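This is upload05.tsv (TSV, C-alpha atoms and all ligand atoms).
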chain	number	residue	atom	x	y	z
K	1	MET	CA	23.53	-14.99	11.91
K	2	ALA	CA	20.33	-13.02	11.67
K	3	ARG	CA	19.93	-9.49	12.99
K	4	ILE	CA	17.53	-9.50	15.96
K	5	ILE	CA	14.58	-7.16	15.48
K	6	ASP	CA	14.24	-5.48	18.87
K	7	GLY	CA	10.51	-4.97	19.42
K	8	LYS	CA	11.05	-3.47	22.87
K	9	GLN	CA	13.21	-0.68	21.46
K	10	ILE	CA	10.94	-0.02	18.46
K	11	ALA	CA	7.93	0.15	20.81
K	12	LYS	CA	9.81	2.47	23.19
K	13	ASP	CA	10.71	4.87	20.36
K	14	LEU	CA	7.12	4.86	19.13
K	15	ARG	CA	5.78	5.56	22.62
K	16	VAL	CA	7.98	8.67	22.85
K	17	ALA	CA	6.39	9.94	19.61
K	18	ILE	CA	2.90	9.00	20.87
K	19	ALA	CA	3.47	10.89	24.16
K	20	ASP	CA	4.67	13.95	22.20
K	21	ASP	CA	1.54	13.86	20.03
K	22	ALA	CA	-0.67	13.45	23.13
K	23	ALA	CA	1.02	16.46	24.74
K	24	ASP	CA	0.44	18.56	21.58
K	25	LEU	CA	-3.23	17.56	21.57
K	26	LYS	CA	-3.58	18.51	25.24
K	27	LYS	CA	-2.33	22.01	24.41
K	28	LYS	CA	-5.23	22.22	21.95
K	29	GLY	CA	-7.66	21.15	24.71
K	30	VAL	CA	-8.02	17.54	23.56
K	31	THR	CA	-6.78	14.86	25.97
K	32	PRO	CA	-6.77	11.47	24.19
K	33	GLY	CA	-9.02	9.04	26.06
K	34	LEU	CA	-9.18	5.25	26.01
K	35	ALA	CA	-11.98	3.30	27.70
K	36	VAL	CA	-10.99	-0.21	28.76
K	37	VAL	CA	-13.76	-2.63	29.63
K	38	LEU	CA	-13.06	-5.87	31.48
K	39	VAL	CA	-15.81	-8.33	32.32
K	40	GLY	CA	-15.02	-11.05	34.85
K	41	ASP	CA	-11.76	-11.95	36.57
K	42	ASP	CA	-9.74	-13.95	34.05
K	43	PRO	CA	-6.19	-13.56	35.44
K	44	ALA	CA	-4.51	-13.11	32.02
K	45	SER	CA	-7.08	-10.47	31.00
K	46	ARG	CA	-6.50	-8.62	34.29
K	47	VAL	CA	-2.77	-8.50	33.57
K	48	TYR	CA	-3.36	-7.18	30.01
K	49	VAL	CA	-5.78	-4.53	31.25
K	50	SER	CA	-3.41	-3.28	33.94
K	51	MET	CA	-0.57	-3.15	31.37
K	52	LYS	CA	-2.80	-1.05	29.11
K	53	GLU	CA	-3.68	1.34	31.95
K	54	LYS	CA	-0.02	1.78	32.88
K	55	ALA	CA	0.96	2.39	29.25
K	56	CYS	CA	-1.80	5.03	28.90
K	57	ALA	CA	-0.56	6.86	32.00
K	58	GLU	CA	3.01	6.86	30.65
K	59	CYS	CA	1.92	8.40	27.36
K	60	GLY	CA	-0.44	11.03	28.81
K	61	ILE	CA	-3.60	9.26	27.66
K	62	PHE	CA	-6.69	9.41	29.90
K	63	SER	CA	-7.70	5.86	30.74
K	64	ASP	CA	-11.29	5.19	31.75
K	65	GLU	CA	-11.48	1.77	33.39
K	66	HIS	CA	-14.62	-0.32	33.72
K	67	LYS	CA	-14.09	-3.54	35.65
K	68	LEU	CA	-17.39	-5.40	35.69
K	69	PRO	CA	-18.35	-8.63	37.48
K	70	ALA	CA	-18.54	-11.90	35.49
K	71	GLU	CA	-22.34	-12.00	35.90
K	72	THR	CA	-22.80	-8.67	34.03
K	73	SER	CA	-25.61	-9.16	31.50
K	74	GLU	CA	-25.28	-8.54	27.78
K	75	GLU	CA	-27.81	-5.70	28.09
K	76	GLN	CA	-25.76	-4.01	30.81
K	77	LEU	CA	-22.61	-4.26	28.71
K	78	LEU	CA	-24.39	-2.93	25.61
K	79	ALA	CA	-25.68	0.01	27.69
K	80	LEU	CA	-22.15	0.81	28.88
K	81	ILE	CA	-20.83	0.73	25.31
K	82	ASP	CA	-23.60	3.03	24.20
K	83	GLU	CA	-22.63	5.43	26.97
K	84	LEU	CA	-18.95	5.32	25.95
K	85	ASN	CA	-19.86	5.79	22.26
K	86	ASN	CA	-21.49	9.09	23.28
K	87	ASP	CA	-18.82	10.19	25.78
K	88	GLU	CA	-16.84	13.02	24.19
K	89	ARG	CA	-13.76	12.37	26.34
K	90	ILE	CA	-13.33	8.91	24.81
K	91	ASP	CA	-11.46	8.37	21.51
K	92	GLY	CA	-10.99	4.62	21.73
K	93	ILE	CA	-12.99	1.78	23.30
K	94	LEU	CA	-11.42	-1.53	24.07
K	95	VAL	CA	-13.40	-4.51	25.31
K	96	GLN	CA	-10.99	-7.11	26.63
K	97	LEU	CA	-11.61	-10.55	25.09
K	98	PRO	CA	-12.59	-13.25	25.81
K	99	LEU	CA	-15.99	-12.29	27.25
K	100	PRO	CA	-18.00	-14.69	29.46
K	101	ASN	CA	-19.97	-17.30	27.45
K	102	HIS	CA	-23.38	-15.74	28.07
K	103	ILE	CA	-22.34	-12.59	26.17
K	104	ASP	CA	-22.32	-12.53	22.36
K	105	GLU	CA	-18.83	-11.25	21.52
K	106	ASN	CA	-19.69	-10.23	17.93
K	107	LYS	CA	-22.73	-8.28	19.05
K	108	ILE	CA	-20.61	-6.35	21.54
K	109	LEU	CA	-17.81	-5.61	19.05
K	110	GLU	CA	-20.35	-4.47	16.45
K	111	THR	CA	-21.94	-2.07	18.95
K	112	ILE	CA	-18.70	-0.15	19.45
K	113	SER	CA	-18.80	2.98	17.30
K	114	PRO	CA	-16.53	2.38	14.26
K	115	ALA	CA	-15.07	5.84	14.97
K	116	LYS	CA	-13.86	4.64	18.41
K	117	ASP	CA	-12.93	1.06	17.49
K	118	ALA	CA	-9.28	1.28	18.62
K	119	ASP	CA	-8.83	-2.48	18.10
K	120	GLY	CA	-10.01	-2.29	14.49
K	121	PHE	CA	-12.28	-5.36	14.82
K	122	HIS	CA	-15.60	-3.76	13.79
K	123	PRO	CA	-16.80	-5.07	10.38
K	124	TYR	CA	-16.86	-1.46	9.11
K	125	ASN	CA	-13.16	-1.10	9.86
K	126	VAL	CA	-12.39	-4.58	8.50
K	127	GLY	CA	-14.13	-3.55	5.27
K	128	ARG	CA	-12.18	-0.31	5.10
K	129	LEU	CA	-8.94	-2.22	5.56
K	130	VAL	CA	-9.83	-4.64	2.75
K	131	THR	CA	-10.76	-1.80	0.40
K	132	GLY	CA	-7.52	0.00	1.12
K	133	LYS	CA	-8.98	2.94	3.08
K	134	PRO	CA	-8.34	1.95	6.69
K	135	LEU	CA	-9.58	4.05	9.58
K	136	PHE	CA	-8.35	1.87	12.48
K	137	LYS	CA	-5.97	-1.02	11.83
K	138	PRO	CA	-5.84	-3.99	14.26
K	139	CYS	CA	-3.02	-3.49	16.73
K	140	THR	CA	-0.85	-6.61	16.42
K	141	PRO	CA	-0.60	-6.66	12.61
K	142	TYR	CA	-0.22	-2.87	12.55
K	143	GLY	CA	2.64	-3.30	15.01
K	144	VAL	CA	4.29	-5.74	12.60
K	145	MET	CA	4.00	-3.16	9.79
K	146	LYS	CA	5.64	-0.54	12.06
K	147	MET	CA	8.47	-3.02	12.67
K	148	PHE	CA	9.03	-3.36	8.91
K	149	GLU	CA	9.09	0.44	8.67
K	150	ALA	CA	11.57	0.79	11.56
K	151	GLU	CA	13.82	-1.91	10.07
K	152	GLY	CA	13.69	-0.52	6.52
K	153	VAL	CA	12.06	-3.68	5.14
K	154	ASP	CA	10.46	-2.78	1.79
K	155	LEU	CA	7.58	-5.13	0.95
K	156	LYS	CA	7.10	-4.07	-2.64
K	157	GLY	CA	7.25	-7.11	-4.95
K	158	LYS	CA	8.29	-9.44	-2.11
K	159	ASP	CA	6.81	-12.89	-1.58
K	160	VAL	CA	5.23	-12.88	1.86
K	161	VAL	CA	3.97	-16.09	3.44
K	162	VAL	CA	1.61	-15.67	6.40
K	163	VAL	CA	0.95	-18.80	8.45
K	164	GLY	CA	-2.38	-18.45	10.29
K	165	ARG	CA	-5.60	-16.85	9.06
K	166	SER	CA	-7.27	-15.50	12.21
K	167	ASN	CA	-9.35	-12.33	12.07
K	168	ILE	CA	-7.08	-10.59	14.56
K	169	VAL	CA	-3.66	-11.38	13.06
K	170	GLY	CA	-3.38	-13.52	9.89
K	171	LYS	CA	-6.06	-11.99	7.66
K	172	PRO	CA	-5.38	-8.32	8.52
K	173	ILE	CA	-1.60	-8.68	8.20
K	174	ALA	CA	-2.13	-10.27	4.77
K	175	MET	CA	-4.23	-7.24	3.72
K	176	MET	CA	-1.68	-4.78	5.05
K	177	CYS	CA	1.19	-6.51	3.20
K	178	LEU	CA	-0.92	-6.55	0.02
K	179	ALA	CA	-1.49	-2.81	0.40
K	180	GLU	CA	2.30	-2.43	0.45
K	181	HIS	CA	2.48	-4.32	-2.87
K	182	ALA	CA	3.73	-7.66	-1.60
K	183	THR	CA	2.53	-10.93	-3.16
K	184	VAL	CA	0.87	-12.69	-0.26
K	185	THR	CA	0.22	-16.37	0.40
K	186	LEU	CA	-2.09	-16.94	3.35
K	187	CYS	CA	-1.64	-20.42	4.87
K	188	HIS	CA	-3.71	-22.31	7.44
K	189	SER	CA	-4.28	-25.76	8.91
K	190	ARG	CA	-5.43	-27.27	5.58
K	191	THR	CA	-2.56	-25.81	3.52
K	192	GLN	CA	-0.66	-28.48	1.62
K	193	ASP	CA	3.14	-28.51	1.49
K	194	LEU	CA	3.45	-25.69	4.01
K	195	ASP	CA	7.21	-26.15	4.22
K	196	ALA	CA	7.63	-25.62	0.46
K	197	LYS	CA	5.59	-22.41	0.63
K	198	VAL	CA	7.63	-21.09	3.56
K	199	ARG	CA	10.89	-22.05	1.78
K	200	ALA	CA	9.94	-19.77	-1.14
K	201	ALA	CA	9.17	-16.74	1.04
K	202	ASP	CA	11.19	-13.53	1.25
K	203	ILE	CA	9.24	-12.68	4.38
K	204	VAL	CA	7.62	-15.20	6.76
K	205	ILE	CA	5.00	-14.13	9.30
K	206	ALA	CA	3.96	-16.89	11.71
K	207	ALA	CA	0.75	-16.49	13.74
K	208	VAL	CA	-0.34	-20.00	14.59
K	209	GLY	CA	-0.05	-20.66	18.31
K	210	ARG	CA	1.99	-23.87	18.00
K	211	PRO	CA	5.44	-23.92	19.61
K	212	GLU	CA	8.28	-23.85	17.04
K	213	MET	CA	6.21	-25.46	14.27
K	214	VAL	CA	8.03	-23.45	11.56
K	215	LYS	CA	11.36	-25.25	11.29
K	216	GLY	CA	14.69	-23.48	10.91
K	217	ASP	CA	15.56	-25.22	7.65
K	218	TRP	CA	12.31	-24.02	6.03
K	219	ILE	CA	13.68	-20.44	6.06
K	220	LYS	CA	15.24	-19.20	2.83
K	221	ASP	CA	18.68	-17.62	3.19
K	222	GLY	CA	18.23	-13.89	3.72
K	223	ALA	CA	14.50	-14.03	4.54
K	224	VAL	CA	12.94	-11.81	7.20
K	225	VAL	CA	11.06	-13.73	9.90
K	226	ILE	CA	8.32	-12.25	12.08
K	227	ASP	CA	7.12	-14.53	14.86
K	228	VAL	CA	3.78	-13.43	16.32
K	229	GLY	CA	3.23	-16.64	18.27
K	230	VAL	CA	3.40	-16.73	22.05
K	231	ASN	CA	3.40	-20.24	23.53
K	232	ARG	CA	4.10	-21.24	27.09
K	233	VAL	CA	6.11	-24.45	27.33
K	234	GLY	CA	6.82	-26.06	30.67
K	235	ASP	CA	6.32	-23.87	33.72
K	236	LYS	CA	7.56	-20.49	32.59
K	237	LYS	CA	9.37	-20.50	29.25
K	238	LEU	CA	7.76	-18.61	26.35
K	239	VAL	CA	8.54	-19.66	22.79
K	240	GLY	CA	7.27	-18.51	19.43
K	241	ASP	CA	5.84	-20.40	16.45
K	242	VAL	CA	9.28	-20.46	14.79
K	243	ASP	CA	12.35	-22.47	15.77
K	244	PHE	CA	14.35	-19.35	16.63
K	245	GLU	CA	17.82	-20.95	16.83
K	246	GLY	CA	17.45	-22.82	13.53
K	247	ALA	CA	15.79	-19.94	11.66
K	248	SER	CA	18.46	-17.46	12.87
K	249	LYS	CA	21.05	-19.39	10.85
K	250	HIS	CA	19.24	-18.57	7.59
K	251	ALA	CA	17.25	-15.37	8.13
K	252	SER	CA	18.67	-11.89	7.58
K	253	ALA	CA	16.48	-10.57	10.41
K	254	ILE	CA	14.17	-12.20	12.96
K	255	THR	CA	11.96	-11.22	15.89
K	256	PRO	CA	12.60	-12.95	19.23
K	257	VAL	CA	9.89	-14.27	21.58
K	258	PRO	CA	9.53	-12.58	24.01
K	259	GLY	CA	10.67	-9.06	23.09
K	260	GLY	CA	9.59	-9.07	19.44
K	261	VAL	CA	6.03	-8.44	18.30
K	262	GLY	CA	4.60	-8.57	21.85
K	263	PRO	CA	5.59	-5.05	22.98
K	264	MET	CA	4.15	-3.58	19.76
K	265	THR	CA	0.52	-4.56	20.38
K	266	ILE	CA	-0.28	-2.24	23.31
K	267	THR	CA	1.83	0.47	21.71
K	268	MET	CA	-0.38	0.39	18.62
K	269	LEU	CA	-3.49	0.61	20.81
K	270	LEU	CA	-2.10	3.87	22.22
K	271	TYR	CA	-1.18	4.97	18.69
K	272	ASN	CA	-4.70	4.29	17.41
K	273	THR	CA	-6.22	6.19	20.34
K	274	VAL	CA	-4.06	9.25	19.70
K	275	GLU	CA	-4.79	9.15	15.95
K	276	SER	CA	-8.51	9.07	16.81
K	277	ALA	CA	-8.04	12.04	19.17
K	278	LYS	CA	-6.36	13.91	16.31
K	279	ARG	CA	-9.50	13.37	14.22
K	280	ARG	CA	-11.58	14.74	17.13
K	281	ALA	CA	-9.30	17.80	17.37
K	282	GLU	CA	-9.71	18.44	13.62
K	283	LYS	CA	-13.50	18.55	14.03
K	284	GLN	CA	-13.36	21.16	16.81
V	301	LIG	P1	-5.89	-18.52	16.18
V	301	LIG	O1	-5.90	-19.74	17.02
V	301	LIG	O2	-7.09	-17.66	16.11
V	301	LIG	O3	-5.46	-18.90	14.70
V	301	LIG	C1	-4.43	-19.80	14.44
V	301	LIG	C2	-4.28	-20.00	12.97
V	301	LIG	O4	-3.23	-20.95	12.77
V	301	LIG	C3	-5.53	-20.57	12.29
V	301	LIG	O5	-5.78	-19.85	11.11
V	301	LIG	C4	-5.17	-22.01	12.01
V	301	LIG	O6	-5.72	-22.53	10.81
V	301	LIG	C5	-3.67	-21.91	11.83
V	301	LIG	N1	-3.02	-23.21	12.09
V	301	LIG	C6	-3.21	-24.04	13.14
V	301	LIG	N2	-2.47	-25.15	13.00
V	301	LIG	C7	-1.80	-25.02	11.85
V	301	LIG	C8	-0.90	-25.82	11.15
V	301	LIG	N3	-0.50	-27.01	11.63
V	301	LIG	N4	-0.41	-25.39	9.99
V	301	LIG	C9	-0.78	-24.20	9.48
V	301	LIG	N5	-1.64	-23.37	10.10
V	301	LIG	C10	-2.16	-23.78	11.27
V	301	LIG	O7	-4.63	-17.68	16.73
V	301	LIG	P2	-4.30	-16.11	16.73
V	301	LIG	O8	-4.14	-15.60	15.36
V	301	LIG	O9	-5.20	-15.43	17.68
V	301	LIG	O10	-2.87	-16.16	17.44
V	301	LIG	C11	-1.78	-16.83	16.85
V	301	LIG	C12	-0.58	-16.75	17.80
V	301	LIG	O11	-0.22	-15.40	17.97
V	301	LIG	C13	-0.86	-17.28	19.20
V	301	LIG	O12	0.32	-17.87	19.70
V	301	LIG	C14	-1.18	-16.04	19.98
V	301	LIG	O13	-0.88	-16.18	21.37
V	301	LIG	C15	-0.24	-15.05	19.34
V	301	LIG	N6	-0.66	-13.66	19.46
V	301	LIG	C16	0.26	-12.76	19.88
V	301	LIG	C17	-0.06	-11.44	19.99
V	301	LIG	C18	1.00	-10.50	20.41
V	301	LIG	O14	0.70	-9.42	20.87
V	301	LIG	N7	2.27	-10.84	20.25
V	301	LIG	C19	-1.40	-10.94	19.74
V	301	LIG	C20	-2.30	-11.94	19.19
V	301	LIG	C21	-1.93	-13.27	19.08
V	301	LIG	P3	-7.32	-22.75	10.59
V	301	LIG	O15	-7.88	-21.40	10.34
V	301	LIG	O16	-7.38	-23.64	9.41
V	301	LIG	O17	-7.82	-23.37	11.86

Represent the structure of the file as structure tokens.
Amino acid sequence: MARIIDGKQIAKDLRVAIADDAADLKKKGVTPGLAVVLVGDDPASRVYVSMKEKACAECGIFSDEHKLPAETSEEQLLALIDELNNDERIDGILVQLPLPNHIDENKILETISPAKDADGFHPYNVGRLVTGKPLFKPCTPYGVMKMFEAEGVDLKGKDVVVVGRSNIVGKPIAMMCLAEHATVTLCHSRTQDLDAKVRAADIVIAAVGRPEMVKGDWIKDGAVVIDVGVNRVGDKKLVGDVDFEGASKHASAITPVPGGVGPMTITMLLYNTVESAKRRAEKQ
């Protein structure tokens, strides 16, 4: 049976280190600051934002909340971002997605200063990631890389199959694995013979958003399986993109859903904010 990769514990350990770093920075007169902007009252977004605020407080990070009504105009939001870009107390800016339809999401993300882009979605930071000189790395894939580190999984020379090519998970995780010298296959909805590709993988990363679509018998004996997917089935139950029971019979290690990749995402947002504050402290 596979070893369970405990994302909750890895995230907890990382948060202790983040809080220590934040405390050191405070002694130097730099309190790490994260601005969180929420537009509208989407219930899921509200939950995420309050989780982020709580996590900031626990790690000694100043959290600057901006909860704006759904009818906020694009101009008003752009003006707020401009203000935050110039606010010296702020090291990271997070705009909670999705935004209301009348606001151009790309325009907003591209207005965030690349030096405060704690989510790593600005094209400048995407470009830096692709060229191997990252400034901010997107939180969920960065969290996966931290899990590999914590678990002692060496990617060098390994065949990694990523299922899903989104800008927030699939593409950046592929780049990060490539930077660690893995050979990466990036699969998507038009990929042919997906099962054969997954069967050949030493490491499988699933980020699709389809409940248990990666079957247990696709997993090579001894492979490491990272399941990024979060899917609600029925009233309450959450399942990943991988058939956990079936895959556990073949994998050497696997992340559960929930309790796997999920807890890493907010942790990496805090991590990115503190790293940005360190850069501010260096400039003082
Ligand atoms: P997207 O919907 O943006 O992307 C899904 C990707 O899966 C697309 O590239 C799509 O291909 C591909 N895909 C869809 N169907 C198939 C198929 N049958 N075979 C192969 N590939 C397929 O999703 P995200 O990347 O945003 O999220 C993926 C999952 O990860 C979701 O469950 C989401 O909830 C979860 N997630 C979890 C996070 C966490 O913190 N744990 C954070 C972010 C996401 P194509 O490009 O061709 O359409």

(request) Would you mind reading off the distance between atom CA of K:Lys12 and atom CA of K:Ala55, one decimal, in Å? (result) 10.7 Å

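Minimum atom-to-atom distance to K:Val239, evaluated using all atoms listed in the file, belongs to K:Arg210 out of K:His102, K:Lys215, K:Arg210, K:Arg165.
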
Within 9 Å of ligand LIG 301 (chain V), counting only C-alpha atoms and all ligand atoms, which protein or nucleic acid residues do you find, written as a PDB file with C-alpha atoms, in the frame of the given file?
ATOM      1  CA  CYS K 139      -3.020  -3.490  16.730  1.00  0.00           C
ATOM      2  CA  THR K 140      -0.850  -6.610  16.420  1.00  0.00           C
ATOM      3  CA  PRO K 141      -0.600  -6.660  12.610  1.00  0.00           C
ATOM      4  CA  GLY K 143       2.640  -3.300  15.010  1.00  0.00           C
ATOM      5  CA  VAL K 163       0.950 -18.800   8.450  1.00  0.00           C
ATOM      6  CA  GLY K 164      -2.380 -18.450  10.290  1.00  0.00           C
ATOM      7  CA  ARG K 165      -5.600 -16.850   9.060  1.00  0.00           C
ATOM      8  CA  SER K 166      -7.270 -15.500  12.210  1.00  0.00           C
ATOM      9  CA  ASN K 167      -9.350 -12.330  12.070  1.00  0.00           C
ATOM     10  CA  ILE K 168      -7.080 -10.590  14.560  1.00  0.00           C
ATOM     11  CA  VAL K 169      -3.660 -11.380  13.060  1.00  0.00           C
ATOM     12  CA  GLY K 170      -3.380 -13.520   9.890  1.00  0.00           C
ATOM     13  CA  LYS K 171      -6.060 -11.990   7.660  1.00  0.00           C
ATOM     14  CA  CYS K 187      -1.640 -20.420   4.870  1.00  0.00           C
ATOM     15  CA  HIS K 188      -3.710 -22.310   7.440  1.00  0.00           C
ATOM     16  CA  SER K 189      -4.280 -25.760   8.910  1.00  0.00           C
ATOM     17  CA  ARG K 190      -5.430 -27.270   5.580  1.00  0.00           C
ATOM     18  CA  THR K 191      -2.560 -25.810   3.520  1.00  0.00           C
ATOM     19  CA  GLN K 192      -0.660 -28.480   1.620  1.00  0.00           C
ATOM     20  CA  LEU K 194       3.450 -25.690   4.010  1.00  0.00           C
ATOM     21  CA  ALA K 206       3.960 -16.890  11.710  1.00  0.00           C
ATOM     22  CA  ALA K 207       0.750 -16.490  13.740  1.00  0.00           C
ATOM     23  CA  VAL K 208      -0.340 -20.000  14.590  1.00  0.00           C
ATOM     24  CA  GLY K 209      -0.050 -20.660  18.310  1.00  0.00           C
ATOM     25  CA  ARG K 210       1.990 -23.870  18.000  1.00  0.00           C
ATOM     26  CA  PRO K 211       5.440 -23.920  19.610  1.00  0.00           C
ATOM     27  CA  MET K 213       6.210 -25.460  14.270  1.00  0.00           C
ATOM     28  CA  VAL K 214       8.030 -23.450  11.560  1.00  0.00           C
ATOM     29  CA  ASP K 227       7.120 -14.530  14.860  1.00  0.00           C
ATOM     30  CA  VAL K 228       3.780 -13.430  16.320  1.00  0.00           C
ATOM     31  CA  GLY K 229       3.230 -16.640  18.270  1.00  0.00           C
ATOM     32  CA  VAL K 230       3.400 -16.730  22.050  1.00  0.00           C
ATOM     33  CA  ASN K 231       3.400 -20.240  23.530  1.00  0.00           C
ATOM     34  CA  ARG K 232       4.100 -21.240  27.090  1.00  0.00           C
ATOM     35  CA  VAL K 239       8.540 -19.660  22.790  1.00  0.00           C
ATOM     36  CA  GLY K 240       7.270 -18.510  19.430  1.00  0.00           C
ATOM     37  CA  ASP K 241       5.840 -20.400  16.450  1.00  0.00           C
ATOM     38  CA  VAL K 257       9.890 -14.270  21.580  1.00  0.00           C
ATOM     39  CA  PRO K 258       9.530 -12.580  24.010  1.00  0.00           C
ATOM     40  CA  GLY K 260       9.590  -9.070  19.440  1.00  0.00           C
ATOM     41  CA  VAL K 261       6.030  -8.440  18.300  1.00  0.00           C
ATOM     42  CA  GLY K 262       4.600  -8.570  21.850  1.00  0.00           C
ATOM     43  CA  PRO K 263       5.590  -5.050  22.980  1.00  0.00           C
ATOM     44  CA  MET K 264       4.150  -3.580  19.760  1.00  0.00           C
ATOM     45  CA  THR K 265       0.520  -4.560  20.380  1.00  0.00           C
ATOM     46  CA  ILE K 266      -0.280  -2.240  23.310  1.00  0.00           C
TER      47      ILE K 266
END

(request) Fewer than 4 positions away in the same chain doesn't count, so skip those; otherwise give me all residues within 10 Å of K:Thr131, counting all atoms listed in the file, as a PyMOL selection string. (result) chain K and resi 125-127+175+179

(request) Within 12 Å of stretch 132-135 of chain K, counting all atoms listed in the file, which residues show up once you throw out same-chain ones fewer than 6 positions away? Write them as a list of chain:residue names, please. (result) K:Pro114, K:Ala115, K:Lys116, K:Asp117, K:Ala118, K:Asp119, K:Gly120, K:Phe121, K:His122, K:Pro123, K:Tyr124, K:Asn125, K:Val126, K:Tyr142, K:Pro172, K:Met175, K:Met176, K:Cys177, K:Leu178, K:Ala179, K:Glu180, K:His181, K:Asn272, K:Thr273, K:Glu275, K:Ser276, K:Arg279

(request) Have a look at K:Ala17, K:Val39, K:Val144, K:Ile90 and name the one nearest to K:Ala277; count all atoms listed in the file. (result) K:Ile90

Just need the box for stretch 172-176 of chain K, edges along x, y and z, holding every atom the file lists for it with 4 Å tacked onto each side, so centre and edge lengths in Å to one decimal, as lines of an AutoDock Vina configuration file.
center_x = -3.5
center_y = -7.5
center_z = 6.1
size_x = 11.8
size_y = 13.5
size_z = 12.8

(request) Quote the spacing between atom CA of K:Arg3 and atom CA of K:Asp159 in Å to one decimal place. (result)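 Atom CA of K:Asp159 lies at a distance of 19.9 Å from atom CA of K:Arg3.
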
(request) Please provide the set of residues having any atom within 10 Å of K:Thr31, restricted to all atoms listed in the file, with same-chain residues fewer than 3 positions apart removed, written as a list in words. (result)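 The contact residues come out as Ala22, Ala23, Asp24, Leu25, Lys26, Lys27, Lys28, Leu34, Gly60, Ile61, Phe62, Arg89, Ile90, Asp91, Val274, Ala277, Lys278 and Ala281 of chain K.
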
(request) For atom CA of K:Ile203 and atom CA of K:Lys220, determine how far apart the two atoms are, in Å to one decimal place. (result) 9.0 Å

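Proximity to K:Leu186 was assessed for K:Glu149, K:Ile18, K:Val162, K:Val204 counting only C-alpha atoms; the smallest distance is recorded for K:Val162.
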
(request) Just the residues within 6 Å of K:Asp243, please, counting all atoms listed in the file, with nothing from its chain fewer than 4 positions along; format it as a PyMOL selection string. (result) chain K and resi 212+215-216+247

(request) Please identify all polymer residues within 12 Å of K:Glu75, counting all atoms listed in the file, omitting same-chain residues fewer than 3 positions from it, and present them as a ChimeraX atom specification. (result) /K:71-72,78-82,102-104,107-108,111

How about completing stretch 116-127 of chain K with N, CA and C atoms and giving it to me as a PDB file, in the coordinates of the input?
ATOM      1  N   LYS K 116     -14.599   4.792  17.147  1.00  0.00           N
ATOM      2  CA  LYS K 116     -13.860   4.640  18.410  1.00  0.00           C
ATOM      3  C   LYS K 116     -13.297   3.219  18.560  1.00  0.00           C
ATOM      4  N   ASP K 117     -13.285   2.484  17.475  1.00  0.00           N
ATOM      5  CA  ASP K 117     -12.930   1.060  17.490  1.00  0.00           C
ATOM      6  C   ASP K 117     -11.405   0.910  17.446  1.00  0.00           C
ATOM      7  N   ALA K 118     -10.753   1.220  18.583  1.00  0.00           N
ATOM      8  CA  ALA K 118      -9.280   1.280  18.620  1.00  0.00           C
ATOM      9  C   ALA K 118      -8.625  -0.074  18.307  1.00  0.00           C
ATOM     10  N   ASP K 119      -9.363  -1.159  18.434  1.00  0.00           N
ATOM     11  CA  ASP K 119      -8.830  -2.480  18.100  1.00  0.00           C
ATOM     12  C   ASP K 119      -8.974  -2.819  16.617  1.00  0.00           C
ATOM     13  N   GLY K 120      -9.823  -2.065  15.925  1.00  0.00           N
ATOM     14  CA  GLY K 120     -10.010  -2.290  14.490  1.00  0.00           C
ATOM     15  C   GLY K 120     -10.743  -3.577  14.150  1.00  0.00           C
ATOM     16  N   PHE K 121     -11.581  -4.079  15.061  1.00  0.00           N
ATOM     17  CA  PHE K 121     -12.280  -5.360  14.820  1.00  0.00           C
ATOM     18  C   PHE K 121     -13.687  -5.187  14.277  1.00  0.00           C
ATOM     19  N   HIS K 122     -14.239  -3.967  14.281  1.00  0.00           N
ATOM     20  CA  HIS K 122     -15.600  -3.760  13.790  1.00  0.00           C
ATOM     21  C   HIS K 122     -15.653  -4.050  12.280  1.00  0.00           C
ATOM     22  N   PRO K 123     -16.726  -4.732  11.808  1.00  0.00           N
ATOM     23  CA  PRO K 123     -16.800  -5.070  10.380  1.00  0.00           C
ATOM     24  C   PRO K 123     -16.627  -3.849   9.460  1.00  0.00           C
ATOM     25  N   TYR K 124     -17.056  -2.683   9.915  1.00  0.00           N
ATOM     26  CA  TYR K 124     -16.860  -1.460   9.110  1.00  0.00           C
ATOM     27  C   TYR K 124     -15.366  -1.214   8.889  1.00  0.00           C
ATOM     28  N   ASN K 125     -14.597  -1.345   9.978  1.00  0.00           N
ATOM     29  CA  ASN K 125     -13.160  -1.100   9.860  1.00  0.00           C
ATOM     30  C   ASN K 125     -12.446  -2.231   9.114  1.00  0.00           C
ATOM     31  N   VAL K 126     -12.957  -3.455   9.268  1.00  0.00           N
ATOM     32  CA  VAL K 126     -12.390  -4.580   8.500  1.00  0.00           C
ATOM     33  C   VAL K 126     -12.605  -4.304   7.004  1.00  0.00           C
ATOM     34  N   GLY K 127     -13.813  -3.858   6.663  1.00  0.00           N
ATOM     35  CA  GLY K 127     -14.130  -3.550   5.270  1.00  0.00           C
ATOM     36  C   GLY K 127     -13.255  -2.429   4.730  1.00  0.00           C
TER      37      GLY K 127
END
